[in-house]
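What follows is a set of notes on a single structure, which appears directly below.
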Amino acid sequence: MATDGTSGLEAARSLHPAAIILDVGLPGIDGTEVCRRLRSDGDWVPILFCTARDDEVDRVLGLELGADDYITKPFSPREVVARVKSVVRRASLAAADEAPLVLGAISLDSVTRRVTCAGSNVVLTATEFDLLEHLMRHPGRVYSREQLLSEVWGYAAMVGTRTVDVHVAQVRAKLGDENPIRTVRGVGYSAEATG
């Protein structure tokens, strides 16, 4: 266990853990910077942010930087274990399938965790990738925000359905005109080929 940002970053790079619980308020370089540096290195290990601040802006910032989940202090150890298991399970399931998914101009490879859009690589956070993959596995099927929280994040409505909206907006922005995610007003989201 590392007690500051610099040693935490070094440990993550050398030990290659299955998941990271990262305190936002680390001394030295803070947790958000550790996450940013790992993601810029191409390291998509699941990251669970831990913080004493429960502000929506802080949660959204953490998710935008590439965190997979967010937990607020004080928390129960059982909840942390459940959330870590959830992010590790999602990462493992993604690696289990071998054939790339294709929907319109979007190709998603679960093994390499790469997404291409019209032949160009698109960098997604781990959770953005999992969300897009889940929708692309079931094209045309409409999922409510609550269903997506349960099936993609692995728990029901603990962080609020706004989390889903934030991730959908981020995926759409990164995929541009070829984005396959459609809003079904009053219901939720589905993936459909553009065209």
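By convention in this document, the chains of the structure tokens carry letters A, B, ... by their order, each chain's residues are numbered from 1, and ligands are numbered from 1 in the order they are shown.
Here the residues within stretch 28-123 of chain A that DSSP labels strand (DSSP E) on the basis of the backbone are A:Ile47, A:Leu48, A:Phe49, A:Cys50, A:Thr51, A:Asp69, A:Tyr70, A:Ile71, A:Thr72, A:Leu101, A:Val102, A:Leu103, A:Ile106, A:Ser107, A:Leu108, A:Asp109, A:Arg114, A:Val115, A:Thr116, A:Cys117, A:Ser120, A:Asn121, A:Val122.
Omitting A:Val115 and its sequence neighbours fewer than 5 positions away, and counting only C-alpha atoms, the residues within 12 Å are A:Pro100, A:Leu101, A:Val102, A:Leu103, A:Ala105, A:Ile106, A:Ser107, A:Leu108, A:Asp109, A:Ser110, A:Ser120, A:Asn121, A:Val122, A:Val123, A:Leu124, A:Thr125, A:Ala126, A:Glu128, A:Phe129, A:Asp130, A:Leu132, A:Glu133, A:Met136, A:Val171, A:Lys174, A:Leu175, A:Asn179.
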Can you write out as JSON lines which residues of stretch 1-45 of chain A fall within 12 Å of stretch 74-82 of chain A, alongside each residue's closest atom pair and its distance in Å to one decimal, counting only C-alpha atoms and ordering rows by chain and ascending residue number?
```
{"residue": "A:Ala19", "atom": "CA", "partner": "A:Val81", "partner_atom": "CA", "distance": 11.2}
{"residue": "A:Ile20", "atom": "CA", "partner": "A:Val80", "partner_atom": "CA", "distance": 11.3}
{"residue": "A:Ile21", "atom": "CA", "partner": "A:Val80", "partner_atom": "CA", "distance": 8.9}
{"residue": "A:Leu22", "atom": "CA", "partner": "A:Val80", "partner_atom": "CA", "distance": 11.7}
```
Would you mind exporting the chosen residues as a compact mmCIF listing (two decimals), in the first residue's frame, restricted to N, CA and C atoms?
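Wrote part.txt, looks like this:
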```txt
# COMPACT_ATOMS: atom_id res chain seq x y z
N ALA A 19 -6.78 -4.02 -9.77
CA ALA A 19 -7.60 -2.83 -9.55
C ALA A 19 -6.86 -1.93 -8.57
N ILE A 20 -7.23 -0.64 -8.56
CA ILE A 20 -6.61 0.34 -7.67
C ILE A 20 -7.69 1.10 -6.92
N ILE A 21 -7.54 1.18 -5.60
CA ILE A 21 -8.36 2.09 -4.80
C ILE A 21 -7.48 3.31 -4.57
N LEU A 22 -7.91 4.44 -5.06
CA LEU A 22 -7.07 5.63 -5.12
C LEU A 22 -7.71 6.78 -4.35
```
Distance query A:Ala91 at most 10 Å, only C-alpha atoms, self and fewer than 4 positions along chain excluded, as a PyMOL selection string: chain A and resi 18-19+44-46+85-87+95-96+110-111+113+126-127+129-130
Grab the residues selected above and save them as a PDB file, in the first residue's frame with N, CA and C atoms.
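As a result, result_25.pdb now contains:
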```
ATOM      1  N   ALA A  18      -4.696  -5.714 -10.269  1.00  0.00           N
ATOM      2  CA  ALA A  18      -5.971  -6.001 -10.937  1.00  0.00           C
ATOM      3  C   ALA A  18      -6.928  -4.824 -10.822  1.00  0.00           C
ATOM      4  N   ALA A  19      -6.777  -4.024  -9.768  1.00  0.00           N
ATOM      5  CA  ALA A  19      -7.600  -2.831  -9.548  1.00  0.00           C
ATOM      6  C   ALA A  19      -6.863  -1.925  -8.567  1.00  0.00           C
ATOM      7  N   TRP A  44      -5.180   0.981 -18.351  1.00  0.00           N
ATOM      8  CA  TRP A  44      -6.622   1.046 -18.103  1.00  0.00           C
ATOM      9  C   TRP A  44      -7.051   0.110 -16.981  1.00  0.00           C
ATOM     10  N   VAL A  45      -6.156  -0.097 -15.998  1.00  0.00           N
ATOM     11  CA  VAL A  45      -6.519  -0.862 -14.812  1.00  0.00           C
ATOM     12  C   VAL A  45      -7.744  -0.200 -14.173  1.00  0.00           C
ATOM     13  N   PRO A  46      -8.714  -0.972 -13.682  1.00  0.00           N
ATOM     14  CA  PRO A  46      -9.870  -0.355 -13.023  1.00  0.00           C
ATOM     15  C   PRO A  46      -9.443   0.463 -11.802  1.00  0.00           C
ATOM     16  N   LYS A  85     -14.913  -5.783  -6.655  1.00  0.00           N
ATOM     17  CA  LYS A  85     -15.274  -7.003  -7.388  1.00  0.00           C
ATOM     18  C   LYS A  85     -16.006  -6.662  -8.678  1.00  0.00           C
ATOM     19  N   SER A  86     -16.865  -5.657  -8.622  1.00  0.00           N
ATOM     20  CA  SER A  86     -17.639  -5.264  -9.787  1.00  0.00           C
ATOM     21  C   SER A  86     -16.742  -4.738 -10.910  1.00  0.00           C
ATOM     22  N   VAL A  87     -15.806  -3.835 -10.591  1.00  0.00           N
ATOM     23  CA  VAL A  87     -14.949  -3.288 -11.649  1.00  0.00           C
ATOM     24  C   VAL A  87     -13.996  -4.348 -12.190  1.00  0.00           C
ATOM     25  N   ALA A  95     -12.434  -9.015 -21.373  1.00  0.00           N
ATOM     26  CA  ALA A  95     -11.300  -9.723 -21.955  1.00  0.00           C
ATOM     27  C   ALA A  95     -11.668 -11.130 -22.423  1.00  0.00           C
ATOM     28  N   ALA A  96     -12.799 -11.651 -21.971  1.00  0.00           N
ATOM     29  CA  ALA A  96     -13.166 -13.035 -22.274  1.00  0.00           C
ATOM     30  C   ALA A  96     -13.644 -13.237 -23.711  1.00  0.00           C
ATOM     31  N   SER A 110     -12.856  -6.409 -27.492  1.00  0.00           N
ATOM     32  CA  SER A 110     -12.885  -6.630 -26.043  1.00  0.00           C
ATOM     33  C   SER A 110     -11.563  -7.141 -25.495  1.00  0.00           C
ATOM     34  N   VAL A 111     -10.784  -7.837 -26.310  1.00  0.00           N
ATOM     35  CA  VAL A 111      -9.519  -8.402 -25.844  1.00  0.00           C
ATOM     36  C   VAL A 111      -8.474  -7.310 -25.677  1.00  0.00           C
ATOM     37  N   ARG A 113      -9.217  -4.117 -25.807  1.00  0.00           N
ATOM     38  CA  ARG A 113      -9.937  -2.953 -25.269  1.00  0.00           C
ATOM     39  C   ARG A 113      -9.669  -1.706 -26.115  1.00  0.00           C
ATOM     40  N   ALA A 126     -12.125   3.199 -19.025  1.00  0.00           N
ATOM     41  CA  ALA A 126     -12.583   1.818 -18.835  1.00  0.00           C
ATOM     42  C   ALA A 126     -14.107   1.742 -18.746  1.00  0.00           C
ATOM     43  N   THR A 127     -14.714   2.670 -18.021  1.00  0.00           N
ATOM     44  CA  THR A 127     -16.174   2.634 -17.875  1.00  0.00           C
ATOM     45  C   THR A 127     -16.866   3.035 -19.171  1.00  0.00           C
ATOM     46  N   PHE A 129     -15.741   2.479 -22.124  1.00  0.00           N
ATOM     47  CA  PHE A 129     -15.597   1.283 -22.953  1.00  0.00           C
ATOM     48  C   PHE A 129     -16.646   0.245 -22.577  1.00  0.00           C
ATOM     49  N   ASP A 130     -16.789  -0.022 -21.265  1.00  0.00           N
ATOM     50  CA  ASP A 130     -17.753  -1.027 -20.803  1.00  0.00           C
ATOM     51  C   ASP A 130     -19.186  -0.659 -21.181  1.00  0.00           C
TER      52      ASP A 130
END
```
Test item: residues at most 10 Å from A:Ser40, only C-alpha atoms, excluding those fewer than 6 positions along its chain, as a list in words: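 Listed by chain and then number, they are Val34, Leu65, Gly66 and Val123 of chain A.
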Could you write out that same residue set with C-alpha atoms as a JSON list (two decimals), in the first residue's frame?
```
[["chain", "number", "residue", "atom", "x", "y", "z"],
["A", 34, "VAL", "CA", -2.11, 9.71, -10.53],
["A", 65, "LEU", "CA", -10.34, 11.53, -15.77],
["A", 66, "GLY", "CA", -10.92, 7.82, -16.23],
["A", 123, "VAL", "CA", -9.43, 6.46, -26.50]]
```
